[in-house]
$ cat run_36.txt   # compact mmCIF, C-alpha atoms (C1' of nucleotides)
# COMPACT_ATOMS: atom_id res chain seq x y z
CA MET T 1 -30.01 28.08 103.62
CA ARG T 2 -30.88 31.47 104.94
CA LYS T 3 -30.92 30.32 108.53
CA TYR T 4 -27.38 28.99 108.22
CA VAL T 5 -26.15 32.32 106.99
CA LEU T 6 -27.88 34.06 109.88
CA LEU T 7 -26.43 31.59 112.32
CA TYR T 8 -23.03 32.14 110.82
CA GLY T 9 -23.27 35.88 111.27
CA LEU T 10 -24.61 35.47 114.76
CA LEU T 11 -21.77 33.21 115.81
CA GLY T 12 -19.28 35.59 114.30
CA GLY T 13 -20.82 38.43 116.27
CA VAL T 14 -20.80 36.42 119.47
CA LEU T 15 -17.18 35.50 118.95
CA ILE T 16 -16.14 39.03 118.31
CA ALA T 17 -18.09 40.22 121.31
CA ALA T 18 -16.52 37.52 123.45
CA LEU T 19 -13.06 38.45 122.30
CA LYS T 20 -13.78 42.06 122.90
CA PHE T 21 -15.29 41.87 126.29
CA ILE T 22 -13.36 39.16 128.00
CA GLU T 23 -9.71 38.36 127.81
CA TYR T 24 -9.19 40.95 125.17
CA ARG T 25 -7.15 43.23 127.32
CA PHE T 26 -4.64 40.67 128.58
CA LEU T 27 -3.99 38.90 125.37
CA VAL T 28 -3.98 41.92 123.25
CA ALA T 29 -0.98 43.16 125.19
CA GLU T 30 1.84 41.57 123.26
CA HIS T 31 0.75 39.49 120.22
CA SER T 32 -2.73 40.78 120.07
CA VAL T 33 -3.15 40.90 116.33
CA GLU T 34 -1.56 37.53 115.59
CA ILE T 35 -3.50 35.74 118.30
CA TYR T 36 -6.71 37.47 117.44
CA GLY T 37 -6.18 36.66 113.78
CA GLY T 38 -5.27 33.08 114.61
CA ILE T 39 -8.34 32.53 116.73
CA VAL T 40 -10.58 34.13 114.17
CA ALA T 41 -8.93 32.12 111.44
CA ALA T 42 -9.36 28.85 113.32
CA VAL T 43 -12.94 29.52 114.31
CA PHE T 44 -13.95 30.68 110.88
CA ALA T 45 -12.15 27.85 109.21
CA GLY T 46 -14.15 25.48 111.41
CA LEU T 47 -17.30 27.39 110.68
CA GLY T 48 -16.47 27.34 107.01
CA ILE T 49 -15.99 23.62 107.08
CA TRP T 50 -19.29 23.21 108.83
CA LEU T 51 -20.95 25.61 106.45
CA GLY T 52 -19.40 24.01 103.45
CA ARG T 53 -20.78 20.69 104.48
CA LYS T 54 -24.16 22.14 105.18
CA LEU T 55 -24.41 24.34 102.14
CA THR T 56 -23.28 21.81 99.62
CA ARG T 57 -25.69 19.03 99.26
CA PRO T 58 -23.82 15.82 99.62
CA ILE T 59 -22.38 14.42 96.47
CA GLN T 60 -24.51 11.41 95.94
CA THR T 61 -23.31 8.47 94.01
CA VAL T 62 -26.14 6.24 93.08
CA VAL T 63 -25.15 2.63 93.24
CA VAL T 64 -27.67 0.56 91.46
CA ARG T 65 -27.82 -2.93 92.77
CA GLU T 66 -29.82 -5.08 90.47
CA VAL T 67 -31.74 -7.83 92.11
CA LEU T 68 -32.81 -10.68 89.96
CA VAL T 69 -36.42 -11.50 90.41
CA ASP T 70 -38.14 -14.44 88.89
CA ALA T 71 -40.30 -13.31 86.06
CA PRO T 72 -43.90 -14.37 86.58
CA ALA T 73 -43.49 -17.12 84.06
CA THR T 74 -45.19 -15.20 81.36
CA PHE T 75 -45.85 -17.51 78.48
CA VAL T 76 -45.79 -15.95 75.09
CA ARG T 77 -46.42 -18.23 72.20
CA ASP T 78 -43.80 -18.13 69.50
CA GLU T 79 -46.05 -17.32 66.57
CA GLY T 80 -43.03 -17.20 64.31
CA LYS T 81 -42.22 -20.83 64.89
CA LEU T 82 -45.84 -21.75 64.51
CA GLU T 83 -45.80 -20.05 61.15
CA ALA T 84 -42.50 -21.61 60.19
CA LEU T 85 -43.79 -25.07 61.03
CA GLY T 86 -47.08 -24.49 59.24
CA MET T 87 -48.97 -25.41 62.36
CA THR T 88 -52.69 -24.80 62.07
CA PRO T 89 -54.81 -23.59 64.98
CA ARG T 90 -56.59 -26.88 65.26
CA GLU T 91 -53.36 -28.79 65.34
CA LEU T 92 -51.98 -26.55 68.03
CA GLU T 93 -55.14 -27.10 70.00
CA ILE T 94 -54.74 -30.84 69.76
CA LEU T 95 -51.10 -30.53 70.78
CA GLU T 96 -52.16 -28.67 73.88
CA LEU T 97 -54.64 -31.38 74.77
CA ILE T 98 -51.97 -34.00 74.23
CA ALA T 99 -49.70 -32.06 76.55
CA ALA T 100 -52.49 -32.04 79.09
CA GLY T 101 -52.19 -35.80 79.17
CA LEU T 102 -55.39 -36.67 77.37
CA SER T 103 -55.82 -39.78 75.23
CA ASN T 104 -57.00 -39.50 71.67
CA ARG T 105 -60.46 -40.56 72.78
CA GLU T 106 -60.64 -37.92 75.46
CA ILE T 107 -59.40 -35.32 73.04
CA ALA T 108 -62.06 -36.40 70.55
CA ASN T 109 -64.75 -35.94 73.18
CA ARG T 110 -63.50 -32.60 74.32
CA ALA T 111 -63.05 -31.24 70.82
CA HIS T 112 -66.32 -32.77 69.61
CA VAL T 113 -64.72 -34.62 66.75
CA SER T 114 -64.16 -38.26 65.99
CA GLU T 115 -61.17 -40.15 67.30
CA ASN T 116 -60.00 -40.61 63.72
CA THR T 117 -59.89 -36.88 63.24
CA VAL T 118 -57.81 -36.51 66.33
CA LYS T 119 -55.46 -39.14 65.02
CA THR T 120 -55.13 -37.30 61.73
CA HIS T 121 -54.33 -34.08 63.54
CA THR T 122 -51.81 -35.71 65.81
CA SER T 123 -50.14 -37.35 62.84
CA ARG T 124 -49.81 -34.00 61.12
CA VAL T 125 -48.47 -32.43 64.28
CA PHE T 126 -45.88 -35.18 64.61
CA ASP T 127 -44.91 -34.74 60.98
CA LYS T 128 -44.48 -31.01 61.34
CA LEU T 129 -42.54 -31.34 64.56
CA GLY T 130 -40.51 -34.19 63.20
CA VAL T 131 -41.28 -36.48 66.11
CA ARG T 132 -42.81 -39.93 66.42
CA ARG T 133 -44.36 -39.96 69.88
CA ARG T 134 -46.67 -37.71 71.80
CA THR T 135 -44.25 -37.33 74.67
CA GLN T 136 -41.66 -36.06 72.22
CA ALA T 137 -44.22 -33.71 70.73
CA VAL T 138 -44.99 -32.31 74.16
CA GLN T 139 -41.35 -31.90 75.02
CA LEU T 140 -40.49 -30.19 71.75
CA GLY T 141 -43.64 -28.11 71.82
CA LYS T 142 -42.63 -26.67 75.18
CA GLU T 143 -39.07 -26.13 74.08
CA LEU T 144 -40.21 -24.23 71.02
CA ARG T 145 -42.67 -22.24 73.14
CA LEU T 146 -45.63 -23.44 71.16
CA ILE T 147 -47.41 -24.53 74.31
CA PRO T 148 -47.04 -23.41 77.94
CA MET K 1 -23.38 25.50 94.11
CA ARG K 2 -19.74 25.35 93.18
CA LYS K 3 -19.98 28.55 91.23
CA TYR K 4 -21.26 30.34 94.31
CA VAL K 5 -18.19 29.29 96.24
CA LEU K 6 -15.95 30.51 93.43
CA LEU K 7 -17.84 33.77 93.32
CA TYR K 8 -17.41 34.02 97.05
CA GLY K 9 -13.66 33.59 96.80
CA LEU K 10 -13.48 35.97 93.89
CA LEU K 11 -15.34 38.65 95.73
CA GLY K 12 -13.08 38.12 98.72
CA GLY K 13 -10.04 38.57 96.55
CA VAL K 14 -11.48 41.66 94.95
CA LEU K 15 -12.26 43.03 98.38
CA ILE K 16 -8.76 42.42 99.64
CA ALA K 17 -7.26 43.89 96.52
CA ALA K 18 -9.48 46.89 96.88
CA LEU K 19 -8.51 47.31 100.50
CA LYS K 20 -4.85 46.99 99.74
CA PHE K 21 -4.44 49.02 96.70
CA ILE K 22 -6.83 51.84 97.17
CA GLU K 23 -6.34 54.40 99.79
CA TYR K 24 -8.33 52.83 102.51
CA ARG K 25 -5.44 52.72 104.86
CA PHE K 26 -7.03 55.57 106.67
CA LEU K 27 -9.96 53.47 107.54
CA VAL K 28 -7.73 50.60 108.32
CA ALA K 29 -5.78 52.76 110.69
CA GLU K 30 -8.75 53.25 112.90
CA HIS K 31 -10.50 49.86 112.72
CA SER K 32 -7.50 47.81 111.72
CA VAL K 33 -8.14 44.90 114.01
CA GLU K 34 -11.75 44.49 112.98
CA ILE K 35 -10.99 44.70 109.31
CA TYR K 36 -8.01 42.40 109.60
CA GLY K 37 -10.15 39.99 111.55
CA GLY K 38 -12.89 40.28 109.00
CA ILE K 39 -10.58 39.60 106.13
CA VAL K 40 -8.96 36.66 107.89
CA ALA K 41 -12.39 35.41 108.82
CA ALA K 42 -13.60 35.68 105.26
CA VAL K 43 -10.55 33.99 103.80
CA PHE K 44 -10.56 31.16 106.29
CA ALA K 45 -14.26 30.74 106.03
CA GLY K 46 -13.80 30.33 102.28
CA LEU K 47 -11.00 27.91 102.92
CA GLY K 48 -13.18 26.06 105.37
CA ILE K 49 -15.99 25.82 102.92
CA TRP K 50 -13.64 24.48 100.30
CA LEU K 51 -12.16 22.07 102.82
CA GLY K 52 -15.60 21.03 103.99
CA ARG K 53 -16.53 20.13 100.46
CA LYS K 54 -13.36 18.19 100.02
CA LEU K 55 -13.73 16.40 103.29
CA THR K 56 -17.26 15.36 102.68
CA ARG K 57 -16.96 11.93 101.27
CA PRO K 58 -19.53 11.21 98.66
CA ILE K 59 -22.57 9.57 100.07
CA GLN K 60 -23.45 6.34 98.46
CA THR K 61 -27.08 5.80 98.02
CA VAL K 62 -27.82 2.24 97.19
CA VAL K 63 -30.77 2.01 94.91
CA VAL K 64 -32.14 -1.45 94.74
CA ARG K 65 -33.71 -1.98 91.42
CA GLU K 66 -35.65 -5.12 90.84
CA VAL K 67 -34.99 -6.52 87.44
CA LEU K 68 -37.31 -9.08 86.01
CA VAL K 69 -35.34 -11.89 84.59
CA ASP K 70 -36.55 -14.79 82.60
CA ALA K 71 -37.00 -17.56 85.07
CA PRO K 72 -33.46 -18.77 85.61
CA ALA K 73 -34.75 -22.27 85.33
CA THR K 74 -33.73 -22.92 88.84
CA PHE K 75 -35.21 -26.31 89.29
CA VAL K 76 -35.27 -27.67 92.78
CA ARG K 77 -36.75 -31.07 93.16
CA ASP K 78 -39.47 -31.39 95.72
CA GLU K 79 -37.93 -34.15 97.81
CA GLY K 80 -40.85 -33.95 100.17
CA LYS K 81 -43.33 -34.97 97.52
CA LEU K 82 -40.99 -37.67 96.31
CA GLU K 83 -40.94 -39.03 99.83
CA ALA K 84 -44.67 -38.68 100.23
CA LEU K 85 -45.28 -40.58 97.01
CA GLY K 86 -42.74 -43.24 97.88
CA MET K 87 -40.95 -42.65 94.63
CA THR K 88 -37.68 -44.54 94.36
CA PRO K 89 -34.61 -43.11 92.62
CA ARG K 90 -34.88 -45.56 89.78
CA GLU K 91 -38.52 -44.76 89.22
CA LEU K 92 -37.76 -41.06 89.16
CA GLU K 93 -35.04 -41.71 86.66
CA ILE K 94 -37.42 -43.58 84.40
CA LEU K 95 -39.95 -40.77 84.77
CA GLU K 96 -37.34 -38.32 83.58
CA LEU K 97 -36.57 -40.43 80.56
CA ILE K 98 -40.27 -40.70 79.80
CA ALA K 99 -40.50 -36.91 80.02
CA ALA K 100 -37.60 -36.71 77.59
CA GLY K 101 -39.87 -38.41 75.07
CA LEU K 102 -38.18 -41.78 74.99
CA SER K 103 -40.02 -45.02 74.28
CA ASN K 104 -39.79 -47.91 76.69
CA ARG K 105 -37.30 -49.58 74.40
CA GLU K 106 -35.09 -46.53 74.24
CA ILE K 107 -35.27 -46.15 77.99
CA ALA K 108 -34.32 -49.82 78.36
CA ASN K 109 -31.27 -49.30 76.17
CA ARG K 110 -30.20 -46.15 77.92
CA ALA K 111 -30.66 -47.57 81.41
CA HIS K 112 -29.17 -50.93 80.45
CA VAL K 113 -32.13 -52.93 81.60
CA SER K 114 -34.75 -54.96 79.80
CA GLU K 115 -37.85 -53.44 78.34
CA ASN K 116 -39.90 -55.44 80.81
CA THR K 117 -38.12 -53.82 83.70
CA VAL K 118 -38.83 -50.42 82.27
CA LYS K 119 -42.47 -51.35 81.97
CA THR K 120 -42.54 -52.45 85.58
CA HIS K 121 -41.01 -49.17 86.68
CA THR K 122 -43.36 -47.11 84.60
CA SER K 123 -46.31 -49.04 85.97
CA ARG K 124 -45.21 -48.30 89.51
CA VAL K 125 -44.66 -44.65 88.66
CA PHE K 126 -48.14 -44.45 87.19
CA ASP K 127 -49.57 -46.13 90.27
CA LYS K 128 -47.84 -43.75 92.63
CA LEU K 129 -48.79 -40.72 90.60
CA GLY K 130 -52.30 -42.00 90.12
CA VAL K 131 -52.18 -41.64 86.34
CA ARG K 132 -52.72 -44.01 83.47
CA ARG K 133 -50.67 -42.52 80.62
CA ARG K 134 -47.13 -41.33 80.26
CA THR K 135 -48.19 -37.90 79.08
CA GLN K 136 -50.18 -37.51 82.27
CA ALA K 137 -47.22 -38.71 84.28
CA VAL K 138 -45.00 -36.11 82.65
CA GLN K 139 -47.51 -33.35 83.19
CA LEU K 140 -48.09 -34.22 86.84
CA GLY K 141 -44.41 -34.81 87.43
CA LYS K 142 -43.64 -31.29 86.29
CA GLU K 143 -46.48 -29.82 88.28
CA LEU K 144 -45.28 -31.53 91.42
CA ARG K 145 -41.71 -30.46 90.68
CA LEU K 146 -40.44 -33.97 90.57
CA ILE K 147 -38.83 -33.37 87.21
CA PRO K 148 -37.62 -30.20 85.48
C1' DG S 1 -27.71 -63.15 109.03
C1' DC S 2 -32.33 -61.85 108.21
C1' DC S 3 -35.92 -58.87 106.57
C1' DA S 4 -37.82 -55.31 103.80
C1' DA S 5 -37.46 -52.54 100.09
C1' DA S 6 -35.80 -51.93 95.64
C1' DA S 7 -34.55 -53.50 91.27
C1' DT S 8 -34.69 -56.80 87.89
C1' DC S 9 -37.04 -59.82 84.45
C1' DA S 10 -40.94 -62.57 82.23
C1' DC S 11 -45.55 -63.55 80.10
C1' DC S 12 -50.33 -62.58 78.73
C1' DC S 13 -53.83 -59.68 77.09
C1' DG S 14 -56.22 -55.72 75.94
C1' DT S 15 -55.86 -50.75 74.72
C1' DT S 16 -53.60 -46.93 72.74
C1' DT S 17 -50.86 -45.04 69.53
C1' DG S 18 -48.72 -44.17 65.08
C1' DG S 19 -48.17 -44.80 60.01
C1' DG S 20 -50.13 -45.86 55.73
C1' DG S 21 -53.68 -45.01 52.66
C1' DG S 22 -58.12 -42.50 50.84
C1' DA S 23 -62.32 -39.46 50.94
C1' DT S 24 -65.48 -35.36 51.61
C1' DG S 25 -66.92 -30.67 52.54
C1' DG S 26 -65.79 -25.67 53.52
C1' DT S 27 -63.26 -21.41 52.84
C1' DC S 28 -60.57 -18.16 50.69
C1' DG S 29 -57.70 -15.79 47.30
C1' DG S 30 -56.17 -15.42 42.65
C1' DC H 1 -64.35 -21.06 39.34
C1' DC H 2 -60.43 -23.57 40.62
C1' DG H 3 -56.80 -24.91 43.42
C1' DA H 4 -54.62 -24.63 47.97
C1' DC H 5 -55.46 -25.28 52.52
C1' DC H 6 -57.94 -26.78 56.38
C1' DA H 7 -60.83 -29.73 58.98
C1' DT H 8 -63.28 -33.71 59.14
C1' DC H 9 -63.91 -38.71 58.82
C1' DC H 10 -62.94 -43.80 57.60
C1' DC H 11 -60.21 -48.36 57.43
C1' DC H 12 -56.21 -51.38 58.21
C1' DC H 13 -52.21 -52.89 60.53
C1' DA H 14 -48.22 -52.91 63.33
C1' DA H 15 -45.89 -51.08 67.16
C1' DA H 16 -46.03 -49.22 71.60
C1' DC H 17 -48.19 -48.94 75.84
C1' DG H 18 -50.51 -50.33 80.18
C1' DG H 19 -52.51 -53.75 83.65
C1' DG H 20 -52.13 -57.93 86.03
C1' DT H 21 -49.48 -61.53 88.05
C1' DG H 22 -45.46 -63.81 89.44
C1' DA H 23 -40.60 -64.49 90.27
C1' DT H 24 -35.50 -63.69 91.32
C1' DT H 25 -31.63 -60.97 92.72
C1' DT H 26 -29.47 -56.78 95.11
C1' DT H 27 -29.11 -53.85 98.62
C1' DG H 28 -29.30 -51.58 103.07
C1' DG H 29 -30.47 -51.53 107.88
C1' DC H 30 -31.28 -53.69 112.27
$ encode --input "run_36.txt" --output "structure tokens"
Amino acid sequence: MRKYVLLYGLLGGVLIAALKFIEYRFLVAEHSVEIYGGIVAAVFAGLGIWLGRKLTRPIQTVVVREVLVDAPATFVRDEGKLEALGMTPRELEILELIAAGLSNREIANRAHVSENTVKTHTSRVFDKLGVRRRTQAVQLGKELRLIP
Amino acid sequence: MRKYVLLYGLLGGVLIAALKFIEYRFLVAEHSVEIYGGIVAAVFAGLGIWLGRKLTRPIQTVVVREVLVDAPATFVRDEGKLEALGMTPRELEILELIAAGLSNREIANRAHVSENTVKTHTSRVFDKLGVRRRTQAVQLGKELRLIP
DNA sequence: GCCAAAATCACCCGTTTGGGGGATGGTCGG
DNA sequence: CCGACCATCCCCCAAACGGGTGATTTTGGC
């Protein structure tokens, strides 16, 4: 900021000096004051424009362009629906294993329970989800955000 | 910043008024040209500054903001994998219906073919996917982006 | 027009799944 | 302590599913 002001003054001085020491005498003859004033006016108007642009920081309009970015597929279980359906932890666990494509036998092995137990759980899950097949259960479970 | 410009103009006006209305004509008599030039310079500089501000078109800064958006469910089928697996259109269709939780009978009705045909298709799908159960087929199908 | 791939259908047989029922033990809150 | 809830297990039976094999018809490309 300060340097612009100094520059401004300097240029003004130079201009005045130039006017004084060069063609001053010829021009001054007839319309000296008008011409002098005109030149000064023009030069300082230009300077002012320049200064005005320099001194004022540009008016900045911030245009926010929103770019849609795929969310990192963050799975959050809908505990509310779980509650509403009365789904127990064990049942949810079995539903997940069903969704993983395991058979009742495989689920039994993995969960360290008997196949009959798994069948009981799956039956309850189907009841609570209101479905009749495991593929339906998986589909609905994902829709309801019970399982990823 | 704007208030400085206004102050500037105001002071200029006050100065001119002071020069005009008080008895400084004596001084003016001697250094008339310089003072006239100075006044003109000041006024036009002010004008220039004002003009400069007006002329400066607002700069638009584009701020790109990334907004996380729930996955827009943009499903694009992996045709490459379909090709690689030798999956036929009909088989893919049946896989989709399986994923929808339909039984073979329901699929048969919807696709207007016999249940046996559906079974044949599902068998082939299972072969090509290397799975043995429909839940596995659904799971793998989604993983491989064959179905939504 | 022929060939290959795809789609269609059928039958048999074994496995898996799903729908009933019933039973026992554990935990927790009123 | 009792009842509600959960988890566990059992049996039976029917339906659905999956594997194997074979066959016919459609369809698309050369």
$ interface_residues --input "run_36.txt" --of "chain T" --to "chain H" --cutoff "9 Å" --atoms "only C-alpha atoms (C1' of nucleotides)" --output "list of chain:residue names"
T:Thr88, T:Arg90, T:Val113, T:Ser114, T:Asn116, T:Thr117
$ interface_residues --input "run_36.txt" --of "chain K" --to "chain S" --cutoff "12 Å" --atoms "all atoms listed in the file" --output "PyMOL selection string"
chain K and resi 86-91+103+108+111-121+124+132-134
$ atom_distance --input "run_36.txt" --atom1 "CA of Val76 in chain K" --atom2 "CA of Ala100 in chain K"
17.8 Å
$ atom_distance --input "run_36.txt" --atom1 "CA of Val62 in chain K" --atom2 "CA of Leu68 in chain T"
15.6 Å
$ atom_distance --input "run_36.txt" --atom1 "CA of Ile94 in chain T" --atom2 "CA of Phe126 in chain T"
11.1 Å
$ residues_around --input "run_36.txt" --residues "Lys142 in chain K" --least-positions-apart "4" --cutoff "10 Å" --atoms "only C-alpha atoms (C1' of nucleotides)" --output "count of residues only"
9
$ residues_around --input "run_36.txt" --residues "Thr135 in chain K" --least-positions-apart "4" --cutoff "7 Å" --atoms "all atoms listed in the file" --output "PyMOL selection string"
(chain T and resi 99+101+135) or (chain K and resi 139)
